[in-house]
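Beneath this line is the structure, given in structure tokens, with notes to follow.
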Amino acid sequence: MLIRKILIAMVALATALSACSDSADSADNATELVLMTHDSFALSEGVLEAFTTESGITVTVLQSGDAGTMLSQAILTKDNPIADVAYGVDNTFLSRALEEDIFLEYESPLLSDIPSGLIVDARVTPINFGDVCINFDKAAFTSATPPQTLADLTLPEYRDMLVVQDPASSSPGLAFLLATVATFGDEGDYNWRNYWQDLKDNGVLVTSGWTEAYTGAFSAGGEGGTRPIVVSYASSPAVGVYFTDPPPAEAPTAAVLDGCFRQVEYAAILDGSDAPEAAGQLIDYLLSTQVQEDIPLNMFVYPANQTAELPQVFTDYSPVPVATAELSVETIELNRETWIDEWTDILR
Amino acid sequence: MDRHPSIARSRRWEIALVAIPLAFLCYFFVYPLLTVLITGFVTDGKLDLGPLRTVFGREALLNVAWFTLWQAVASTLLTLLVALPAANVMARYEFPGKRLVRAALVIPFVLPTVVVGSAFLALLGPRGPLGIDLRQTVWAILIAHVFFNYAIVVRTVSAYWERIDPTLLEAAHMLGASKAEAFRRVTLPLLRPAIASAASLVFLFTFTSFGIILILGGIGQATIEVEIWRQATGLLNFEVAAALAFLQILGISAVLFLYSRYQERKAVQFSHHPARIAPRIITPAQRIYVVANLLVMTLLLGAPIFLLVERSLQSASGYSLDAYTGLSQRIEGLGAPATTAIWNSARFALVATILAVGIGLAAATVIAYRKGWLSRSFDALLMLPLGTSAVTLGFGFLLALDQPIDLRTSIWIIPIAHAIVAIPFVVRTAVPVMRSVRHRLREAATMLGAPPERVWREIDLPLVMRAALIGAGFAFAVSLGEFGATSFLALPTNPTLPTAIFRLLGRPGTESFTSAMALSTILMVGTAVTVLVIERLRTNGLEDF
């Protein structure tokens with residue numbers, strides 16, 4: 001009988017719990033937008049709420065996995081989209097998204113504030129960019145020279161020092177592979193394949209993702225790692241300072257600004273949205289300085305809008321790399337799978 | 001065909017018992033899955049088997065299939081080898097803290113693989129306590145699999161073992177059988193259904209292993225599960241992903257079919273002894289045996305857990321509780337305080353447990369009391385979700401569940417997804433217990449004039465309740481720790497504990513890292529407490545039946 005009482009109590013409790021949780025389905029006729037994005041999406045408290053106050057449009061954020069997962073969900077649901085705006089598709093996947101024709105054209109009035117190099121198609125609006133670069137632990141190079149270029153990493157003095165991510169499972173890993181393709185070429189006597197063979201011979205360590213590499217294996221990652229060189233972002237030194245309490249006078253890590261690969265993230269209106277106009281307003285808001293200046297310290301990337309001011313810690317420790325490796329979105333789409341397979345065969 | 005006079009006679013009951021689980025499973029599992037397969041195999045209204053040809057034509061993909069199979073077999077055997085002595089200790093000996101140990105065993109089971117993966121990387125690295133670098137070797141994978149699945153074997157088998165009537169063994173001894181002989185000819189045959197049950201679960205879990213393989217596996221080392229994920233989300237090859245999902249389901253179905261045939265043939269009815277007070281340890285040899293097993297548990301289960309707790313207490317100035325005291329504040333990157341995730345996980349787990357226990361018990365009753373292919377297929381169907389890729393299930397929901405009610409982005413989909421994965425646990429714990437109820441007991445009761453309902457209530461129900469409670473514990477734990485399917489749903493920023501932990505781990509800064517470790521610790525403690533409460537219930541309410 002005790003059991004029955006417990007069961008009854010559990011059912012009652014569960015009903016109560018679910019009833020009190022989602023009573024927010026408001027009956028008013030304010031426009032509601034759904035924004036689908038990846039796991040790394042984050043803004044300061046109140047930033048999205050300010051948009052609601054200004055425009056009367058409420059925004060629900062759906063988050064799931066990485067950019068690839070988000071895009072695959074957008075493609076699979078294209079007949080009956082689950083969101084109005086997709087944010088976070090990057091240039092390594094963009095061509096596929098455009099092929100699938102899941103986005104509506106939209107021209108934001110704020111496009112004039114965005115460097116023309118970031119704009120690739122009328123259907124997608126660039127929101128931010130991040131540069132995947134080699135980072136090193138300064139403490140390991142007090143008496144030695146840190147690497148200056150990608151080519152340096154194959155030298156014997158950097159043996160067993162580098163940790164990278166598997167491009168098959170990691171977005172910075174893929175970006176770094178693309179950086180090597182852009183730097184050493186896809187053909188020729190010494191192309192990216194030869195370079196990776198040399199990296200392998202020089203003791204490169206491969207992890208499945210950014211966390212395992214930066215937090216786990218990197219000697220400045222804080223978890224007892226032993227490798228002083230890691231693939232991360234140009235913004236990592238600033239982020240490292242920002243998250244250290246109290247902030248050190250000098251950044252303990254630095255980024256090598258040669259051979260970086262630029263990942264540009266785009267927002268777009270999904271074809272089939274009930275409220276494309278409101279969706280456009282949301283994209284404008286994402287491009288406004290209000291959001292753009294909030295992006296660096298929440299998502300650790302650079303704002304696309306040139307009028308947005310970078311936080312002090314970024315300008316001090318993580319200047320924007322000037323020259324980055326370039327590959328067109330079409331070239332990436334055409335070769336992504338083959339390159340990853342070839343890479344796997346070389347490193348296995 | 002049906003020899004049981006009690007429950008199965010009541011046809012209306014029987015139909016409900018089949019219909020409810022079947023309807024639930026068809027709508028939330030079979031239908032989404034078929035939708036995924038149709039998306040992969042049908043182009044312009046015509047069946048296209050091209051994706052399957054692609055899979056068979058590529059050596060790399062065939063290697064993936066082979067690796068998936070052999071590592072699952074190896075992991076299952078290794079887990080049995082390590083866990084069976086422990087099951088014996090838990091069933092046959094009384095020692096201080098036994099209940100706590102039994103509850104703590106479940107902890108690894110709920111830990112998100114992404115968290116444990118990083119703990120194992122540290123433990124099995126060159127500077128770990130073993131002193132050898134096992135990273136990116138298959139040993140790291142096997143050890144981690146034992147860590148995760150140890151509890152399944154220990155708990156399932158020991159619950160069964162402690163009910164074997166010791167007079168059977170005494171009789172064997174009196175008839176001149178040695179200890180080993182008595183074990184081989186009496187205990188082992190009686191235990192076989194429980195061992196097969198546990199082994200089949202371990203096999204399913206390791207066959208579809210994801211996070212462990214991803215983090216601990218070497219380059220290019222992938223299970224079908226990992227490859228499905230990579231094809232679908234990394235390369236956007238939905239057709240190849242669907243073909244792989246099809247092969248995975250096919251393989252799992254074959255194994256499940258063989259298993260349920262075996263289970264039916266081998267099910268032995270034996271006198272159920274009320275769990276008697278296990279003997280205290282008497283001889284020095286027994287002491288060594290028990291202590292040795294406890295040591296294995298402590299090392300295998302304790303080391304990674306200790307590492308997580310220790311890391312959650314780290315701060316710039318030595319150890320501190322900052323990560324815990326800050327949980328009620330909004331955490332950057334979660335968009336909510338961590339307490340929201342704790343609250344979400346608790347209520348989702350509660351709803352999922354109720355769903356899983358209700359549906360699981362209904363199904364188990366049918367499977368246990370009916371024979372024949374129908375019952376067997378039903379059994380296999382219920383187990384299938386365990387062998388189905390989480391990516392496939394998550395994407396299946398997205399593709400299929402938009403009508404009549406759009407559930408795709410509703411939070412209700414979370415407890416439903418969890419229940420689908422938890423039902424097999426309820427079924428697995430309940431069926432062997434139900435099958436082993438001696439039906440002579442029931443027949444006697446019937447002959448004495450008890451109506452079937454009463455027989456069921458007084459003979460079967462208490463036994464079933466015991467199994468249900470164990471199943472509920474597992475279901476709750478499964479839901480608390482479920483990461484796969486949840487992470488492939490597009491959900492409102494409304495994370496569960498495992499998804500919150502994963503999100504925090506992906507962010508820079510030691511603060512995020514210690515928060516993730518603190519949440520892992522809370523997840524562990526929450527599970528252990530839940531299981532402890534259930535264990536207590538079990539002995540208080542059902543001491544004798």
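Order determines the names: the first chain of the structure tokens is A, the second B, and so forth; residues in each chain are numbered 1 upward, and ligands are numbered 1 upward as they are shown.
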Any idea which chain B residues end up within 8 Å of chain A if we count only C-alpha atoms, as a PDB file with N, CA and C atoms, in the first residue's frame please?
ATOM      1  N   SER B 118      36.853  12.966 -20.277  1.00  0.00           N
ATOM      2  CA  SER B 118      38.005  13.813 -19.969  1.00  0.00           C
ATOM      3  C   SER B 118      38.709  13.338 -18.703  1.00  0.00           C
ATOM      4  N   ALA B 122      42.746  12.003 -18.443  1.00  0.00           N
ATOM      5  CA  ALA B 122      43.745  12.374 -17.437  1.00  0.00           C
ATOM      6  C   ALA B 122      44.307  11.127 -16.751  1.00  0.00           C
ATOM      7  N   LEU B 214      34.428   8.796 -29.162  1.00  0.00           N
ATOM      8  CA  LEU B 214      34.814  10.082 -29.725  1.00  0.00           C
ATOM      9  C   LEU B 214      36.015  10.663 -28.975  1.00  0.00           C
ATOM     10  N   ILE B 215      35.953  10.609 -27.637  1.00  0.00           N
ATOM     11  CA  ILE B 215      36.992  11.265 -26.848  1.00  0.00           C
ATOM     12  C   ILE B 215      38.212  10.371 -26.666  1.00  0.00           C
ATOM     13  N   GLY B 218      41.104   6.483 -31.047  1.00  0.00           N
ATOM     14  CA  GLY B 218      42.164   7.049 -31.872  1.00  0.00           C
ATOM     15  C   GLY B 218      41.578   7.682 -33.125  1.00  0.00           C
ATOM     16  N   ILE B 219      42.480   8.242 -33.950  1.00  0.00           N
ATOM     17  CA  ILE B 219      42.034   8.891 -35.177  1.00  0.00           C
ATOM     18  C   ILE B 219      41.417   7.849 -36.106  1.00  0.00           C
ATOM     19  N   GLY B 220      40.266   8.157 -36.640  1.00  0.00           N
ATOM     20  CA  GLY B 220      39.621   7.250 -37.578  1.00  0.00           C
ATOM     21  C   GLY B 220      38.971   6.054 -36.911  1.00  0.00           C
ATOM     22  N   ARG B 230      28.850  11.780 -37.526  1.00  0.00           N
ATOM     23  CA  ARG B 230      29.789  12.489 -38.382  1.00  0.00           C
ATOM     24  C   ARG B 230      29.200  12.707 -39.781  1.00  0.00           C
ATOM     25  N   ALA B 232      26.029  12.765 -40.594  1.00  0.00           N
ATOM     26  CA  ALA B 232      24.837  13.617 -40.581  1.00  0.00           C
ATOM     27  C   ALA B 232      25.173  15.067 -40.260  1.00  0.00           C
ATOM     28  N   THR B 233      25.982  15.302 -39.242  1.00  0.00           N
ATOM     29  CA  THR B 233      26.184  16.685 -38.797  1.00  0.00           C
ATOM     30  C   THR B 233      27.499  17.277 -39.272  1.00  0.00           C
ATOM     31  N   GLY B 234      28.465  16.440 -39.616  1.00  0.00           N
ATOM     32  CA  GLY B 234      29.757  16.974 -40.030  1.00  0.00           C
ATOM     33  C   GLY B 234      29.873  17.073 -41.537  1.00  0.00           C
ATOM     34  N   LEU B 235      29.246  16.117 -42.232  1.00  0.00           N
ATOM     35  CA  LEU B 235      29.364  16.098 -43.690  1.00  0.00           C
ATOM     36  C   LEU B 235      28.025  16.318 -44.374  1.00  0.00           C
ATOM     37  N   LEU B 236      26.942  16.326 -43.583  1.00  0.00           N
ATOM     38  CA  LEU B 236      25.583  16.506 -44.091  1.00  0.00           C
ATOM     39  C   LEU B 236      25.234  15.475 -45.168  1.00  0.00           C
ATOM     40  N   ALA B 316      41.650  29.586  -8.126  1.00  0.00           N
ATOM     41  CA  ALA B 316      42.967  30.202  -8.265  1.00  0.00           C
ATOM     42  C   ALA B 316      43.741  30.134  -6.952  1.00  0.00           C
ATOM     43  N   GLU B 332      27.251  32.630 -17.376  1.00  0.00           N
ATOM     44  CA  GLU B 332      27.464  33.036 -18.753  1.00  0.00           C
ATOM     45  C   GLU B 332      27.607  31.780 -19.601  1.00  0.00           C
ATOM     46  N   GLY B 333      26.925  31.749 -20.705  1.00  0.00           N
ATOM     47  CA  GLY B 333      27.046  30.585 -21.572  1.00  0.00           C
ATOM     48  C   GLY B 333      25.878  29.644 -21.406  1.00  0.00           C
ATOM     49  N   LEU B 334      25.202  29.721 -20.267  1.00  0.00           N
ATOM     50  CA  LEU B 334      23.992  28.920 -20.107  1.00  0.00           C
ATOM     51  C   LEU B 334      22.758  29.796 -20.305  1.00  0.00           C
ATOM     52  N   GLY B 335      22.934  31.085 -20.060  1.00  0.00           N
ATOM     53  CA  GLY B 335      21.804  31.988 -20.149  1.00  0.00           C
ATOM     54  C   GLY B 335      20.832  31.819 -19.016  1.00  0.00           C
ATOM     55  N   ARG B 347      12.664  17.342 -12.856  1.00  0.00           N
ATOM     56  CA  ARG B 347      11.265  17.127 -13.260  1.00  0.00           C
ATOM     57  C   ARG B 347      11.162  16.270 -14.505  1.00  0.00           C
ATOM     58  N   LEU B 350      11.515  12.733 -13.390  1.00  0.00           N
ATOM     59  CA  LEU B 350      10.326  12.234 -12.701  1.00  0.00           C
ATOM     60  C   LEU B 350       9.252  11.806 -13.711  1.00  0.00           C
ATOM     61  N   VAL B 351       8.988  12.686 -14.667  1.00  0.00           N
ATOM     62  CA  VAL B 351       7.981  12.356 -15.682  1.00  0.00           C
ATOM     63  C   VAL B 351       8.423  11.134 -16.490  1.00  0.00           C
ATOM     64  N   ILE B 354       7.927   7.896 -14.498  1.00  0.00           N
ATOM     65  CA  ILE B 354       6.526   7.466 -14.429  1.00  0.00           C
ATOM     66  C   ILE B 354       6.095   6.829 -15.748  1.00  0.00           C
ATOM     67  N   PHE B 395      16.931  13.270 -34.881  1.00  0.00           N
ATOM     68  CA  PHE B 395      16.536  13.763 -36.200  1.00  0.00           C
ATOM     69  C   PHE B 395      15.177  13.198 -36.605  1.00  0.00           C
ATOM     70  N   LEU B 398      12.547  15.326 -35.214  1.00  0.00           N
ATOM     71  CA  LEU B 398      12.441  16.572 -35.978  1.00  0.00           C
ATOM     72  C   LEU B 398      11.663  16.376 -37.270  1.00  0.00           C
ATOM     73  N   LEU B 399      11.903  15.217 -37.913  1.00  0.00           N
ATOM     74  CA  LEU B 399      11.274  14.976 -39.206  1.00  0.00           C
ATOM     75  C   LEU B 399       9.809  14.582 -39.070  1.00  0.00           C
ATOM     76  N   ASP B 402       5.824  16.724 -36.358  1.00  0.00           N
ATOM     77  CA  ASP B 402       5.278  18.071 -36.498  1.00  0.00           C
ATOM     78  C   ASP B 402       3.754  18.069 -36.578  1.00  0.00           C
ATOM     79  N   ARG B 408       8.096  18.988 -31.923  1.00  0.00           N
ATOM     80  CA  ARG B 408       9.524  18.967 -32.241  1.00  0.00           C
ATOM     81  C   ARG B 408      10.366  19.813 -31.307  1.00  0.00           C
ATOM     82  N   THR B 409       9.815  20.938 -30.908  1.00  0.00           N
ATOM     83  CA  THR B 409      10.607  21.800 -30.041  1.00  0.00           C
ATOM     84  C   THR B 409       9.949  21.964 -28.680  1.00  0.00           C
ATOM     85  N   MET B 465       6.373  -5.406  -7.890  1.00  0.00           N
ATOM     86  CA  MET B 465       6.672  -4.097  -7.324  1.00  0.00           C
ATOM     87  C   MET B 465       8.144  -3.964  -7.006  1.00  0.00           C
ATOM     88  N   SER B 487      20.646  15.936 -26.820  1.00  0.00           N
ATOM     89  CA  SER B 487      21.546  16.908 -27.427  1.00  0.00           C
ATOM     90  C   SER B 487      21.295  17.062 -28.920  1.00  0.00           C
ATOM     91  N   PHE B 488      20.529  16.145 -29.525  1.00  0.00           N
ATOM     92  CA  PHE B 488      20.241  16.307 -30.944  1.00  0.00           C
ATOM     93  C   PHE B 488      18.851  16.852 -31.203  1.00  0.00           C
ATOM     94  N   LEU B 489      18.164  17.236 -30.147  1.00  0.00           N
ATOM     95  CA  LEU B 489      16.897  17.918 -30.322  1.00  0.00           C
ATOM     96  C   LEU B 489      17.188  19.410 -30.318  1.00  0.00           C
ATOM     97  N   ALA B 490      16.375  20.153 -31.059  1.00  0.00           N
ATOM     98  CA  ALA B 490      16.541  21.603 -31.021  1.00  0.00           C
ATOM     99  C   ALA B 490      15.634  22.104 -29.922  1.00  0.00           C
ATOM    100  N   LEU B 491      16.226  22.423 -28.788  1.00  0.00           N
ATOM    101  CA  LEU B 491      15.391  22.730 -27.640  1.00  0.00           C
ATOM    102  C   LEU B 491      15.533  24.179 -27.209  1.00  0.00           C
ATOM    103  N   PRO B 492      14.457  24.715 -26.618  1.00  0.00           N
ATOM    104  CA  PRO B 492      14.565  26.053 -26.055  1.00  0.00           C
ATOM    105  C   PRO B 492      15.722  26.064 -25.056  1.00  0.00           C
ATOM    106  N   THR B 493      16.323  27.209 -24.882  1.00  0.00           N
ATOM    107  CA  THR B 493      17.458  27.309 -23.978  1.00  0.00           C
ATOM    108  C   THR B 493      17.008  26.893 -22.594  1.00  0.00           C
ATOM    109  N   ARG B 503      27.775  22.116 -22.450  1.00  0.00           N
ATOM    110  CA  ARG B 503      27.892  23.480 -22.940  1.00  0.00           C
ATOM    111  C   ARG B 503      28.991  24.236 -22.178  1.00  0.00           C
ATOM    112  N   LEU B 505      31.584  22.926 -20.679  1.00  0.00           N
ATOM    113  CA  LEU B 505      32.904  22.395 -21.009  1.00  0.00           C
ATOM    114  C   LEU B 505      33.450  22.985 -22.298  1.00  0.00           C
ATOM    115  N   GLY B 506      32.536  23.386 -23.193  1.00  0.00           N
ATOM    116  CA  GLY B 506      32.976  23.925 -24.473  1.00  0.00           C
ATOM    117  C   GLY B 506      33.370  25.390 -24.398  1.00  0.00           C
ATOM    118  N   ARG B 507      33.257  25.987 -23.194  1.00  0.00           N
ATOM    119  CA  ARG B 507      33.567  27.412 -23.076  1.00  0.00           C
ATOM    120  C   ARG B 507      34.916  27.629 -22.412  1.00  0.00           C
ATOM    121  N   PRO B 508      35.578  28.731 -22.786  1.00  0.00           N
ATOM    122  CA  PRO B 508      36.879  28.994 -22.173  1.00  0.00           C
ATOM    123  C   PRO B 508      36.730  29.450 -20.722  1.00  0.00           C
ATOM    124  N   GLY B 509      37.824  29.419 -20.010  1.00  0.00           N
ATOM    125  CA  GLY B 509      37.837  29.939 -18.643  1.00  0.00           C
ATOM    126  C   GLY B 509      37.704  28.835 -17.616  1.00  0.00           C
ATOM    127  N   THR B 510      38.520  28.929 -16.556  1.00  0.00           N
ATOM    128  CA  THR B 510      38.469  27.908 -15.514  1.00  0.00           C
ATOM    129  C   THR B 510      37.134  27.914 -14.796  1.00  0.00           C
ATOM    130  N   GLU B 511      36.471  29.088 -14.777  1.00  0.00           N
ATOM    131  CA  GLU B 511      35.205  29.178 -14.068  1.00  0.00           C
ATOM    132  C   GLU B 511      34.162  28.250 -14.692  1.00  0.00           C
ATOM    133  N   GLY B 541       9.198  -1.764   2.588  1.00  0.00           N
ATOM    134  CA  GLY B 541       7.860  -2.140   2.210  1.00  0.00           C
ATOM    135  C   GLY B 541       7.719  -3.610   1.868  1.00  0.00           C
TER     136      GLY B 541
END
Give me, as a PyMOL selection string, the residues of range 103-294 of chain A that a backbone DSSP run labels helix (DSSP H, G or I). chain A and resi 109-113+116-118+138-141+151-154+156-158+171-184+192-201+210-217+236-242+276-287+289-292
Write out as a PDB file with C-alpha atoms, in the first residue's frame the set of residues from range 61-203 of chain A that DSSP, computed on the backbone, places in strand (DSSP E or B).
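Below is the file part17.pdb, written as the result:
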ATOM      1  CA  VAL A  61      16.155  30.643 -28.658  1.00  0.00           C
ATOM      2  CA  LEU A  62      16.602  27.015 -29.755  1.00  0.00           C
ATOM      3  CA  GLN A  63      20.075  25.633 -29.231  1.00  0.00           C
ATOM      4  CA  VAL A  85      15.943  32.888 -38.076  1.00  0.00           C
ATOM      5  CA  ALA A  86      19.005  30.656 -38.180  1.00  0.00           C
ATOM      6  CA  TYR A  87      22.193  32.082 -36.735  1.00  0.00           C
ATOM      7  CA  GLY A  88      25.588  30.412 -36.712  1.00  0.00           C
ATOM      8  CA  VAL A  89      26.037  28.823 -40.128  1.00  0.00           C
ATOM      9  CA  ASP A  90      29.681  29.455 -41.001  1.00  0.00           C
ATOM     10  CA  PHE A 103      17.032  30.921 -46.693  1.00  0.00           C
ATOM     11  CA  LEU A 104      15.156  33.986 -47.918  1.00  0.00           C
ATOM     12  CA  THR A 125      24.063  38.331 -43.307  1.00  0.00           C
ATOM     13  CA  PRO A 126      27.492  38.120 -41.654  1.00  0.00           C
ATOM     14  CA  ILE A 127      27.254  38.657 -37.879  1.00  0.00           C
ATOM     15  CA  ASN A 128      30.677  37.796 -36.512  1.00  0.00           C
ATOM     16  CA  PHE A 129      33.950  36.177 -37.397  1.00  0.00           C
ATOM     17  CA  GLY A 130      36.641  34.313 -35.533  1.00  0.00           C
ATOM     18  CA  ASP A 131      40.140  33.359 -36.562  1.00  0.00           C
ATOM     19  CA  VAL A 132      41.487  29.905 -35.886  1.00  0.00           C
ATOM     20  CA  CYS A 133      45.194  30.305 -35.185  1.00  0.00           C
ATOM     21  CA  ILE A 134      48.125  28.603 -33.528  1.00  0.00           C
ATOM     22  CA  ASN A 135      48.430  29.645 -29.848  1.00  0.00           C
ATOM     23  CA  PHE A 136      51.376  29.090 -27.578  1.00  0.00           C
ATOM     24  CA  ASP A 137      52.154  29.128 -23.877  1.00  0.00           C
ATOM     25  CA  LEU A 162      51.642  20.731 -30.826  1.00  0.00           C
ATOM     26  CA  VAL A 163      48.093  19.613 -30.094  1.00  0.00           C
ATOM     27  CA  VAL A 164      45.372  19.940 -32.739  1.00  0.00           C
ATOM     28  CA  GLN A 165      41.740  18.836 -33.091  1.00  0.00           C
TER      29      GLN A 165
END
Nearest residue to Leu258 in chain B out of B:Ile416, B:Asn88, B:Ser377, B:Thr43, using only C-alpha atoms? B:Ser377
Figure out the distance between CA of Pro303 in chain A and CA of Asp113 in chain A, please, to one decimal in Å.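 Straight-line distance from CA of Asp113 in chain A to CA of Pro303 in chain A works out to 10.9 Å.
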Spatial neighbours of range 466-473 of chain B, 7 Å, only C-alpha atoms, chain gap at least 3 places, as a list in words: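 Selected residues are Thr353, Val357, Phe425, Val426, Thr429, Ala430, Val433, Pro462, Leu463, Phe476, Ala477, Val531, Ile534 and Arg538 of chain B.
The protein and nucleic acid residues lying at most 9 Å from range 240-242 of chain B are B:Val36, B:Leu37, B:Ile38, B:Thr39, B:Gly40, B:Phe41, B:Gly50, B:Pro51, B:Leu52, B:Thr54, B:Val55, B:Glu227, B:Ile228, B:Trp229, B:Arg230, B:Gln231, B:Ala232, B:Leu247, B:Thr392, with only C-alpha atoms considered and sequence neighbours fewer than 5 positions away removed.
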